[in-house]
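**Q** Dropping in coords.cif, with mmCIF, C-alpha atoms.
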```cif
data_my_file
#
loop_
_atom_site.label_atom_id
_atom_site.label_comp_id
_atom_site.auth_asym_id
_atom_site.auth_seq_id
_atom_site.Cartn_x
_atom_site.Cartn_y
_atom_site.Cartn_z
CA MET A 17 -10.01 -10.04 -41.74
CA ASN A 18 -11.67 -13.37 -42.41
CA ILE A 19 -15.39 -12.65 -42.81
CA ASN A 20 -16.10 -16.37 -42.47
CA LEU A 21 -15.56 -15.96 -38.73
CA LEU A 22 -19.06 -14.45 -38.63
CA ALA A 23 -20.79 -17.63 -39.77
CA LYS A 24 -23.35 -18.72 -37.17
CA GLU A 25 -21.76 -22.13 -36.62
CA VAL A 26 -18.30 -20.59 -36.22
CA GLN A 27 -19.55 -18.06 -33.67
CA GLU A 28 -21.31 -20.83 -31.76
CA TYR A 29 -18.07 -22.83 -31.76
CA ILE A 30 -16.08 -19.86 -30.42
CA ASN A 31 -18.60 -19.13 -27.65
CA GLY A 32 -18.82 -22.78 -26.73
CA HIS A 33 -15.04 -23.15 -26.33
CA LEU A 34 -14.16 -20.09 -24.25
CA ASN A 35 -13.00 -22.24 -21.35
CA VAL A 36 -11.07 -24.76 -23.47
CA ASP A 37 -7.26 -24.84 -23.64
CA VAL A 38 -6.57 -23.02 -26.93
CA SER A 39 -3.29 -24.90 -27.41
CA LYS A 40 -5.36 -28.03 -28.02
CA ILE A 41 -7.51 -26.21 -30.57
CA VAL A 42 -4.41 -25.01 -32.47
CA LEU A 43 -3.11 -28.56 -32.75
CA ALA A 44 -6.47 -30.05 -33.76
CA LYS A 45 -8.04 -29.94 -37.21
CA SER A 46 -10.47 -27.08 -37.73
CA PRO A 47 -14.09 -28.24 -38.18
CA PHE A 48 -14.57 -25.43 -40.73
CA ALA A 49 -13.11 -25.40 -44.24
CA GLU A 50 -12.71 -21.61 -44.46
CA VAL A 51 -11.52 -20.90 -40.92
CA SER A 52 -8.22 -22.30 -39.70
CA ALA A 53 -7.57 -23.80 -36.27
CA ALA A 54 -5.15 -20.93 -35.54
CA GLU A 55 -7.87 -18.37 -36.31
CA LEU A 56 -10.33 -20.15 -34.04
CA ALA A 57 -7.78 -20.31 -31.22
CA ASN A 58 -6.97 -16.63 -31.57
CA GLN A 59 -10.65 -15.59 -31.51
CA ILE A 60 -11.25 -17.67 -28.40
CA ALA A 61 -8.14 -16.40 -26.56
CA ALA A 62 -8.73 -12.76 -27.53
CA LYS A 63 -12.42 -12.84 -26.60
CA LYS A 64 -11.57 -14.40 -23.26
CA LYS A 65 -9.14 -11.54 -22.57
CA ALA A 66 -11.90 -9.07 -23.44
CA GLU A 67 -14.39 -10.51 -20.94
CA LYS A 68 -13.51 -8.16 -18.07
CA LYS A 69 -11.52 -5.55 -19.95
CA LEU A 70 -14.05 -4.93 -22.74
CA PRO A 71 -17.44 -6.21 -21.54
CA ASN A 72 -19.43 -4.39 -24.27
CA TRP A 73 -17.37 -6.12 -26.94
CA PHE A 74 -17.49 -9.47 -25.14
CA HIS A 75 -21.29 -9.51 -24.83
CA GLN A 76 -21.97 -8.20 -28.35
CA GLU A 77 -22.60 -10.80 -31.04
CA ASN A 78 -20.49 -10.94 -34.23
CA ILE A 79 -17.48 -9.06 -32.89
CA ILE A 80 -14.23 -9.97 -34.63
CA TYR A 81 -11.07 -9.86 -32.55
CA PRO A 82 -7.50 -9.07 -33.63
CA SER A 83 -4.44 -10.74 -32.13
CA THR A 84 -4.40 -11.25 -28.38
CA LEU A 85 -1.51 -8.78 -28.21
CA SER A 86 -3.73 -6.05 -29.68
CA VAL A 87 -6.39 -6.78 -27.05
CA GLU A 88 -3.76 -6.68 -24.29
CA GLN A 89 -2.39 -3.35 -25.50
CA THR A 90 -5.72 -1.59 -26.00
CA SER A 91 -7.27 0.70 -23.42
CA SER A 92 -9.84 -0.84 -21.12
CA GLU A 93 -13.41 0.40 -21.27
CA ASP A 94 -12.93 2.00 -17.85
CA THR A 95 -10.02 4.17 -18.96
CA ALA A 96 -11.44 4.87 -22.43
CA SER A 97 -14.73 6.04 -20.93
CA TYR A 98 -12.80 8.36 -18.61
CA LYS A 99 -10.81 9.81 -21.52
CA ARG A 100 -13.89 10.82 -23.49
CA GLN A 101 -14.66 13.55 -20.94
CA LEU A 102 -11.26 15.11 -21.69
CA ILE A 103 -11.75 15.67 -25.42
CA LYS A 104 -12.47 19.13 -26.78
CA GLY A 105 -14.52 20.09 -29.83
CA ASP A 106 -16.79 18.17 -32.20
CA ARG A 107 -14.09 16.60 -34.38
CA VAL A 108 -11.54 14.15 -32.98
CA LEU A 109 -8.59 12.49 -34.69
CA ASP A 110 -7.16 9.31 -33.16
CA ILE A 111 -3.85 8.81 -34.96
CA THR A 112 -2.92 5.51 -33.25
CA ALA A 113 -6.28 3.73 -33.06
CA GLY A 114 -5.28 0.08 -32.65
CA PHE A 115 -8.38 -1.96 -31.75
CA GLY A 116 -10.38 1.27 -31.62
CA VAL A 117 -11.63 1.25 -28.02
CA ASP A 118 -10.64 4.87 -27.39
CA SER A 119 -12.06 5.91 -30.77
CA TYR A 120 -15.34 4.20 -29.88
CA TYR A 121 -15.70 6.20 -26.66
CA PHE A 122 -14.67 9.46 -28.34
CA ALA A 123 -17.46 8.82 -30.87
CA LYS A 124 -19.94 8.53 -28.00
CA LYS A 125 -19.32 12.24 -27.30
CA ALA A 126 -17.91 13.95 -30.42
CA LYS A 127 -19.90 14.46 -33.62
CA GLN A 128 -17.17 13.01 -35.85
CA VAL A 129 -14.16 10.82 -35.12
CA PHE A 130 -11.42 9.79 -37.54
CA SER A 131 -9.63 6.62 -36.46
CA CYS A 132 -6.24 6.00 -38.11
CA GLU A 133 -4.56 2.59 -37.91
CA ILE A 134 -1.60 1.73 -40.12
CA ASN A 135 -2.32 -2.03 -40.02
CA PRO A 136 -5.03 -2.56 -42.68
CA GLN A 137 -6.31 -5.81 -41.11
CA LEU A 138 -6.68 -4.19 -37.71
CA SER A 139 -8.35 -1.12 -39.25
CA ALA A 140 -10.85 -3.36 -41.07
CA ILE A 141 -11.67 -5.18 -37.83
CA THR A 142 -12.23 -1.87 -36.04
CA ALA A 143 -14.50 -0.63 -38.84
CA HIS A 144 -16.55 -3.85 -38.76
CA ASN A 145 -16.93 -3.74 -34.98
CA ALA A 146 -17.92 -0.07 -35.04
CA LYS A 147 -20.89 -0.93 -37.26
CA ILE A 148 -21.82 -3.89 -35.05
CA LEU A 149 -21.70 -1.58 -32.01
CA GLY A 150 -23.99 0.92 -33.74
CA LEU A 151 -21.58 3.79 -34.43
CA THR A 152 -22.30 5.93 -37.48
CA ASN A 153 -19.90 8.82 -36.79
CA LEU A 154 -16.62 6.85 -36.69
CA THR A 155 -14.51 6.79 -39.87
CA CYS A 156 -11.75 4.17 -39.90
CA LEU A 157 -8.72 4.96 -42.07
CA ALA A 158 -6.07 2.33 -42.83
CA THR A 159 -3.21 4.78 -42.88
CA ASP A 160 -0.36 6.31 -40.90
CA GLY A 161 -2.03 8.88 -38.65
CA LEU A 162 0.80 11.41 -38.84
CA GLU A 163 0.94 11.21 -42.63
CA PHE A 164 -2.83 11.71 -42.76
CA LEU A 165 -2.45 14.78 -40.55
CA LYS A 166 0.35 16.22 -42.69
CA GLN A 167 -1.72 15.88 -45.85
CA SER A 168 -5.01 17.03 -44.36
CA GLU A 169 -6.05 20.68 -44.57
CA GLU A 170 -8.58 20.22 -41.78
CA ASN A 171 -8.27 21.13 -38.11
CA PHE A 172 -9.62 19.17 -35.15
CA GLY A 173 -10.90 19.90 -31.70
CA THR A 174 -8.75 17.11 -30.26
CA ILE A 175 -5.95 14.91 -31.54
CA TYR A 176 -5.30 11.77 -29.51
CA VAL A 177 -1.99 9.89 -29.60
CA ASP A 178 -0.98 6.65 -27.89
CA PRO A 179 2.73 6.30 -28.80
CA ALA A 180 4.37 2.89 -28.47
CA ARG A 181 7.75 2.40 -26.88
CA ARG A 182 10.31 1.29 -29.45
CA ASN A 183 12.60 -0.16 -26.79
CA SER A 184 10.77 -2.20 -24.18
CA SER A 185 13.86 -3.02 -22.10
CA GLY A 186 14.21 -1.17 -18.83
CA LYS A 187 11.82 1.12 -17.01
CA VAL A 188 13.27 4.51 -17.99
CA PHE A 189 12.26 5.89 -21.34
CA LYS A 190 11.61 9.14 -23.15
CA LEU A 191 8.72 10.20 -25.35
CA ALA A 192 11.25 10.85 -28.12
CA ASP A 193 12.02 7.10 -28.04
CA CYS A 194 8.40 6.20 -28.89
CA THR A 195 6.53 5.74 -32.15
CA PRO A 196 5.15 8.09 -33.30
CA ASN A 197 7.68 10.61 -32.00
CA VAL A 198 5.32 13.21 -30.56
CA VAL A 199 8.23 15.41 -29.47
CA GLU A 200 9.50 15.72 -33.05
CA HIS A 201 5.99 16.41 -34.40
CA LEU A 202 4.71 18.63 -31.59
CA ASP A 203 4.49 21.73 -33.78
CA LEU A 204 2.35 19.83 -36.31
CA LEU A 205 0.04 18.41 -33.66
CA LEU A 206 -0.55 21.73 -31.90
CA SER A 207 -1.07 23.57 -35.19
CA LYS A 208 -3.87 21.19 -36.17
CA ALA A 209 -5.86 20.97 -32.93
CA GLU A 210 -7.09 22.99 -29.98
CA ARG A 211 -6.11 20.11 -27.71
CA VAL A 212 -3.67 17.22 -27.96
CA ILE A 213 -4.03 14.27 -25.59
CA ILE A 214 -1.03 11.97 -25.25
CA LYS A 215 -1.39 8.66 -23.44
CA THR A 216 1.74 7.16 -21.92
CA SER A 217 2.67 4.35 -19.60
CA PRO A 218 2.75 5.32 -15.90
CA LEU A 219 6.43 4.33 -16.01
CA LEU A 220 7.18 7.68 -17.64
CA ASP A 221 8.54 10.12 -15.06
CA ILE A 222 6.29 13.18 -14.84
CA HIS A 223 9.16 15.68 -14.73
CA ALA A 224 10.93 13.91 -17.62
CA GLY A 225 7.75 14.12 -19.70
CA LEU A 226 7.35 17.82 -18.95
CA ALA A 227 10.94 18.42 -20.04
CA GLU A 228 10.08 17.05 -23.50
CA LEU A 229 6.63 18.62 -23.94
CA ARG A 230 5.13 22.10 -23.81
CA ASN A 231 1.69 23.66 -23.38
CA VAL A 232 0.81 20.95 -20.83
CA SER A 233 -2.28 22.22 -19.04
CA ALA A 234 -3.00 19.04 -17.09
CA ILE A 235 -1.69 15.57 -16.33
CA HIS A 236 -4.27 12.94 -15.45
CA ILE A 237 -2.94 9.95 -13.51
CA VAL A 238 -5.42 7.11 -14.00
CA SER A 239 -5.60 3.97 -11.88
CA VAL A 240 -7.98 1.02 -11.89
CA ARG A 241 -8.37 -0.88 -8.62
CA ASN A 242 -5.09 0.52 -7.25
CA GLU A 243 -3.08 -0.27 -10.38
CA CYS A 244 -1.76 2.81 -12.16
CA LYS A 245 -2.72 2.28 -15.80
CA GLU A 246 -1.82 5.40 -17.74
CA LEU A 247 -0.78 9.02 -17.74
CA LEU A 248 -2.79 11.40 -19.89
CA TRP A 249 -0.96 14.55 -20.95
CA ILE A 250 -3.33 17.37 -21.92
CA LEU A 251 -1.70 19.89 -24.24
CA ASP A 252 -3.73 23.01 -25.01
CA ALA A 253 -2.50 25.35 -27.74
CA GLY A 254 -1.24 28.60 -26.23
CA PHE A 255 -1.33 27.39 -22.61
CA GLU A 256 1.40 28.67 -20.31
CA GLY A 257 1.91 27.97 -16.64
CA GLU A 258 2.04 25.02 -14.27
CA PRO A 259 -0.06 21.99 -15.17
CA GLN A 260 -2.91 20.74 -13.06
CA ILE A 261 -2.36 17.28 -11.55
CA VAL A 262 -5.52 15.17 -11.51
CA CYS A 263 -5.56 11.74 -9.88
CA ALA A 264 -8.44 9.57 -11.08
CA THR A 265 -9.24 6.28 -9.38
CA LEU A 266 -11.60 4.08 -11.37
CA ASN A 267 -13.13 1.39 -9.21
CA ASN A 268 -16.80 0.56 -8.70
CA TYR A 269 -17.03 4.35 -8.48
CA THR A 270 -14.81 7.12 -9.88
CA LYS A 271 -13.03 9.55 -7.60
CA THR A 272 -10.89 12.42 -8.80
CA VAL A 273 -8.71 14.75 -6.79
CA GLU A 274 -6.70 17.75 -7.96
CA LEU A 275 -3.26 18.18 -6.43
CA PRO A 276 -0.78 21.06 -6.78
CA PHE A 277 2.08 20.53 -9.20
CA ASN A 278 4.65 21.30 -6.49
CA ASP A 279 4.19 19.33 -3.28
CA HIS A 280 3.68 21.29 -0.06
CA PRO A 281 6.93 21.63 1.88
CA THR A 282 5.41 20.83 5.26
CA THR A 283 2.48 18.91 6.64
CA ALA A 284 1.06 17.83 10.00
CA TYR A 285 2.48 14.71 11.62
CA VAL A 286 0.91 12.50 14.27
CA LYS A 287 2.63 13.01 17.61
CA GLU A 288 0.34 11.31 20.09
CA GLU A 289 -0.26 7.60 20.67
CA LEU A 290 -3.10 6.32 18.50
CA LYS A 291 -5.74 4.05 20.00
CA GLN A 292 -8.73 4.96 17.86
CA GLY A 293 -9.58 6.72 14.63
CA PHE A 294 -8.86 5.87 10.99
CA LEU A 295 -5.76 5.13 8.92
CA TYR A 296 -5.66 6.01 5.23
CA GLU A 297 -3.63 4.28 2.49
CA ALA A 298 -3.46 6.32 -0.72
CA ASP A 299 -4.37 4.81 -4.10
CA ALA A 300 -1.61 4.20 -6.66
CA ALA A 301 -2.65 7.29 -8.66
CA LEU A 302 -2.02 9.55 -5.66
CA MET A 303 1.28 7.82 -4.97
CA LYS A 304 2.41 8.33 -8.58
CA SER A 305 1.84 12.09 -8.19
CA GLY A 306 4.57 12.25 -5.55
CA ALA A 307 2.57 14.93 -3.74
CA PHE A 308 2.50 13.07 -0.45
CA ASN A 309 2.17 16.17 1.73
CA ALA A 310 -0.48 17.65 -0.57
CA VAL A 311 -2.55 14.48 -0.15
CA ALA A 312 -2.59 15.06 3.62
CA ASN A 313 -3.50 18.72 3.28
CA THR A 314 -6.17 18.11 0.62
CA TYR A 315 -8.07 15.65 2.80
CA GLY A 316 -7.28 17.23 6.17
CA LEU A 317 -5.17 14.29 7.34
CA GLN A 318 -1.98 13.87 9.35
CA LYS A 319 0.95 11.78 8.18
CA LEU A 320 2.23 9.07 10.49
CA ALA A 321 5.84 9.68 9.47
CA LYS A 322 7.76 11.34 6.64
CA GLN A 323 8.54 8.05 4.88
CA SER A 324 5.43 6.02 5.79
CA HIS A 325 2.85 7.49 3.35
CA LEU A 326 0.11 6.45 5.74
CA TYR A 327 -2.33 9.06 7.00
CA TYR A 328 -4.54 9.50 10.05
CA ASN A 329 -7.72 11.26 11.10
CA GLU A 330 -10.05 10.85 14.06
CA GLN A 331 -12.99 10.91 11.65
CA ILE A 332 -13.68 9.00 8.45
CA GLU A 333 -13.34 10.90 5.15
CA THR A 334 -15.03 8.76 2.50
CA THR A 335 -14.05 11.06 -0.37
CA PHE A 336 -10.48 9.83 0.11
CA ALA A 337 -9.10 7.99 -2.92
CA GLY A 338 -7.74 4.83 -1.35
CA ARG A 339 -8.33 2.35 1.43
CA ILE A 340 -9.49 3.34 4.91
CA PHE A 341 -8.95 1.27 8.05
CA GLU A 342 -10.56 1.74 11.47
CA ILE A 343 -8.06 1.29 14.30
CA GLU A 344 -9.01 -1.41 16.81
CA THR A 345 -5.77 -1.39 18.79
CA ALA A 346 -2.09 -0.47 18.55
CA LEU A 347 0.66 -2.84 19.65
CA ALA A 348 4.42 -3.02 19.77
CA PRO A 349 5.74 -5.89 17.61
CA ASN A 350 6.90 -7.82 20.69
CA GLU A 351 3.37 -7.59 22.12
CA LEU A 352 1.98 -9.14 18.96
CA LYS A 353 4.24 -12.16 19.51
CA LYS A 354 2.29 -13.05 22.65
CA LEU A 355 -1.03 -13.32 20.82
CA LYS A 356 -2.33 -16.60 19.38
CA GLY A 357 -4.76 -17.37 16.58
CA LEU A 358 -4.14 -14.19 14.61
CA GLY A 359 -6.12 -13.70 11.43
CA GLY A 360 -5.84 -10.91 8.88
CA ASN A 361 -3.87 -9.34 6.05
CA VAL A 362 -0.50 -7.63 6.48
CA ILE A 363 0.51 -4.23 5.12
CA VAL A 364 4.05 -2.93 5.56
CA ARG A 365 4.91 0.78 5.39
CA ASN A 366 8.29 2.08 6.57
CA PHE A 367 8.98 -1.15 8.48
CA PRO A 368 12.15 -3.29 8.17
CA ASP A 369 10.59 -6.56 7.01
CA LYS A 370 8.46 -7.98 4.21
CA ALA A 371 4.76 -8.77 4.54
CA GLU A 372 5.20 -12.46 3.70
CA ASN A 373 7.90 -12.83 6.38
CA LEU A 374 5.68 -11.20 9.00
CA VAL A 375 2.76 -13.48 8.10
CA ASN A 376 4.97 -16.51 8.74
CA LYS A 377 6.66 -15.03 11.81
CA PHE A 378 3.41 -14.21 13.63
CA LYS A 379 1.43 -17.14 12.13
CA ILE A 380 -1.26 -14.85 10.72
CA LYS A 381 -3.99 -16.69 8.85
CA PRO A 382 -6.02 -15.00 6.05
CA ASP A 383 -9.01 -12.89 7.03
CA GLN A 384 -10.93 -10.59 4.68
CA GLN A 385 -11.80 -7.81 7.13
CA THR A 386 -8.83 -7.56 9.50
CA PHE A 387 -5.59 -5.83 8.51
CA TYR A 388 -2.33 -5.53 10.46
CA LEU A 389 -0.42 -2.39 9.48
CA PHE A 390 3.27 -2.58 10.39
CA THR A 391 4.78 0.90 10.38
CA GLN A 392 6.46 3.63 12.47
CA LEU A 393 5.01 6.30 14.73
CA ASP A 394 7.14 8.98 16.35
CA GLY A 395 10.30 6.96 15.65
CA ASN A 396 8.98 3.69 17.13
CA TYR A 397 7.81 0.55 15.35
CA VAL A 398 4.12 -0.12 15.82
CA VAL A 399 1.48 -2.59 14.60
CA PHE A 400 -2.06 -1.37 14.12
CA LYS A 401 -4.79 -3.98 14.18
CA THR A 402 -7.55 -2.55 12.01
CA LYS A 403 -10.83 -3.30 10.28
CA ILE A 404 -11.13 -2.23 6.65
CA VAL A 405 -14.04 0.15 6.06
CA GLN A 406 -13.30 1.35 2.51
CA TYR A 407 -11.67 -0.57 -0.33
CA TYR A 408 -9.92 0.79 -3.41
#
```
Just give me the structure as structure tokens.
**A**
Amino acid sequence: MNINLLAKEVQEYINGHLNVDVSKIVLAKSPFAEVSAAELANQIAAKKKAEKKLPNWFHQENIIYPSTLSVEQTSSEDTASYKRQLIKGDRVLDITAGFGVDSYYFAKKAKQVFSCEINPQLSAITAHNAKILGLTNLTCLATDGLEFLKQSEENFGTIYVDPARRNSSGKVFKLADCTPNVVEHLDLLLSKAERVIIKTSPLLDIHAGLAELRNVSAIHIVSVRNECKELLWILDAGFEGEPQIVCATLNNYTKTVELPFNDHPTTAYVKEELKQGFLYEADAALMKSGAFNAVANTYGLQKLAKQSHLYYNEQIETTFAGRIFEIETALAPNELKKLKGLGGNVIVRNFPDKAENLVNKFKIKPDQQTFYLFTQLDGNYVVFKTKIVQYY
């Protein structure tokens, strides 16, 4: 960590060049003897990436940033803030701290947090930023978190692990293929804590993860603005039974819904022609759960069709985690062809064409409030012209 980055003139330079092409800064001569052009470019690029993802860091003076890759890989403030409510006990150990965003939020709740990061430069940056951000109960350790745990005689309320995939090719992976290997060290983790929280990519199949783990009391599926960001596996020592599935949608507001582990075998389907009422499109977190029938039953909705994953109710249910559209009219696709001057957005569910093709075919111009939902109802293709009344 280059402490010269904190010089007033250097910080002013970084803040004054946030909208400049960093490739030009790399190639130019640095105006500062003790800070290289590459270091300036990295601080500018990394801070720019933090603007929306880490607003507290972005707006705080004298923050030092690691590589842009570290900023990209760290949790967002939205997801880190959500995770802090899941920790148990007064003492937390983060064995894969990285840039320390999760550790920071754990320290906002727990009395003492130990933050392990094997990269000494990254650990030093996290320690510096923790002081700048006013934390006094966060201890940063430049060490391998698992080795620290093996050598420690202390127990913790919660141990948090964010294992990295060793092989990034392909979408299918196992926890045993990640570093650290939490499957191999599960006995150690559970012997040292009341609760273990494992963060994984949403690409991990839920059933595959359960086959590798044990004592899973809950799985939290977390999305931000309809993008599934992470799975949080809650392991409680001694727990037996089926895990709770919690879908958390973090938008301008947070909504959580608990779904059964096994989806309901049957649900209600729409049989009549729809001319009014509301259509519901589930958030990515609910879709990741695979409990499509349970979603309908939880919110008192009807499914349009088995494969559509669109739902209907005569009334609006604003606790629903997802978008809601008010039906204005329902048309057959050939009826839509006769209309001119169409404006709106296109959504396709269980319909044999792509949205971009339908936009061109029906000459639909952009409109923020109107949505055309191409789908099926009772075995027939239908287009619902709707007005959006709830966003993600």
**Q** Residues of segment 44-103 of chain A that approach segment 119-142 of chain A to 7 Å or less, counting all atoms listed in the file: could you list each one with the shortest pair of atoms and its distance in Å to one decimal, rows by chain and increasing residue number, as a Markdown table?
**A**
```
| residue | atom | partner | partner_atom | distance |
| --- | --- | --- | --- | --- |
| A:Ile80 | CA | A:Ile141 | CA | 6.3 |
| A:Pro82 | CA | A:Leu138 | CA | 6.4 |
| A:Ala96 | CA | A:Tyr121 | CA | 6.1 |
| A:Ser97 | CA | A:Tyr121 | CA | 5.8 |
| A:Arg100 | CA | A:Phe122 | CA | 5.1 |
```
**Q** Have a look at atom CA of Asn267 of chain A and atom CA of Tyr408 of chain A and let me know their distance in Å, one decimal.
**A** 6.7 Å
**Q** Please provide as a PyMOL selection string all residues within 9 Å of Thr386 of chain A, with the sequence filter that same-chain residues fewer than 3 positions apart are discarded (counting only C-alpha atoms).
**A** chain A and resi 341+359-362+382-383+401-404
**Q** The PyMOL selection byres ((chain A and resi 277-280) around 8) on the file shown: which residues, as a list in words?
**A**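 Checked against the file, the PyMOL selection byres ((chain A and resi 277-280) around 8) matches Glu258, Pro259, Gln260, Ile261, Leu275, Pro276, Pro281, Thr282, Thr283, Gly306, Ala307, Phe308, Asn309 and Ala310 of chain A.
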**Q** Between A:Asp160, A:Glu50, A:Asp178, A:Glu246, single out the one closest to Glu25 of chain A, counting only C-alpha atoms.
**A** A:Glu50
**Q** If we draw a sphere of 10 Å around (-6.2, -1.1, -24.4), which residues have at least one atom in it when counting all atoms listed in the file? Please report them as a PDB file with C-alpha atoms, keeping the file's coordinate frame.
**A**
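So the final result, stored in point01.pdb, reads:
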```
ATOM      1  CA  ALA A  66     -11.900  -9.070 -23.440  1.00  0.00           C
ATOM      2  CA  LYS A  69     -11.520  -5.550 -19.950  1.00  0.00           C
ATOM      3  CA  LEU A  70     -14.050  -4.930 -22.740  1.00  0.00           C
ATOM      4  CA  LEU A  85      -1.510  -8.780 -28.210  1.00  0.00           C
ATOM      5  CA  SER A  86      -3.730  -6.050 -29.680  1.00  0.00           C
ATOM      6  CA  VAL A  87      -6.390  -6.780 -27.050  1.00  0.00           C
ATOM      7  CA  GLU A  88      -3.760  -6.680 -24.290  1.00  0.00           C
ATOM      8  CA  GLN A  89      -2.390  -3.350 -25.500  1.00  0.00           C
ATOM      9  CA  THR A  90      -5.720  -1.590 -26.000  1.00  0.00           C
ATOM     10  CA  SER A  91      -7.270   0.700 -23.420  1.00  0.00           C
ATOM     11  CA  SER A  92      -9.840  -0.840 -21.120  1.00  0.00           C
ATOM     12  CA  GLU A  93     -13.410   0.400 -21.270  1.00  0.00           C
ATOM     13  CA  ASP A  94     -12.930   2.000 -17.850  1.00  0.00           C
ATOM     14  CA  THR A  95     -10.020   4.170 -18.960  1.00  0.00           C
ATOM     15  CA  ALA A  96     -11.440   4.870 -22.430  1.00  0.00           C
ATOM     16  CA  ALA A 113      -6.280   3.730 -33.060  1.00  0.00           C
ATOM     17  CA  GLY A 114      -5.280   0.080 -32.650  1.00  0.00           C
ATOM     18  CA  PHE A 115      -8.380  -1.960 -31.750  1.00  0.00           C
ATOM     19  CA  GLY A 116     -10.380   1.270 -31.620  1.00  0.00           C
ATOM     20  CA  VAL A 117     -11.630   1.250 -28.020  1.00  0.00           C
ATOM     21  CA  ASP A 118     -10.640   4.870 -27.390  1.00  0.00           C
ATOM     22  CA  ASP A 178      -0.980   6.650 -27.890  1.00  0.00           C
ATOM     23  CA  LYS A 245      -2.720   2.280 -15.800  1.00  0.00           C
TER      24      LYS A 245
END
```
**Q** One number please: atom CA of Ala298 of chain A to atom CA of Ala227 of chain A, in Å, one decimal.
**A**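 Spanning atom CA of Ala298 of chain A to atom CA of Ala227 of chain A is a straight-line distance of 27.0 Å.
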**Q** Between atom CA of Leu229 of chain A and atom CA of Ala300 of chain A, what is the distance, to one decimal in Å?
**A**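 Those two atoms sit 24.0 Å apart.
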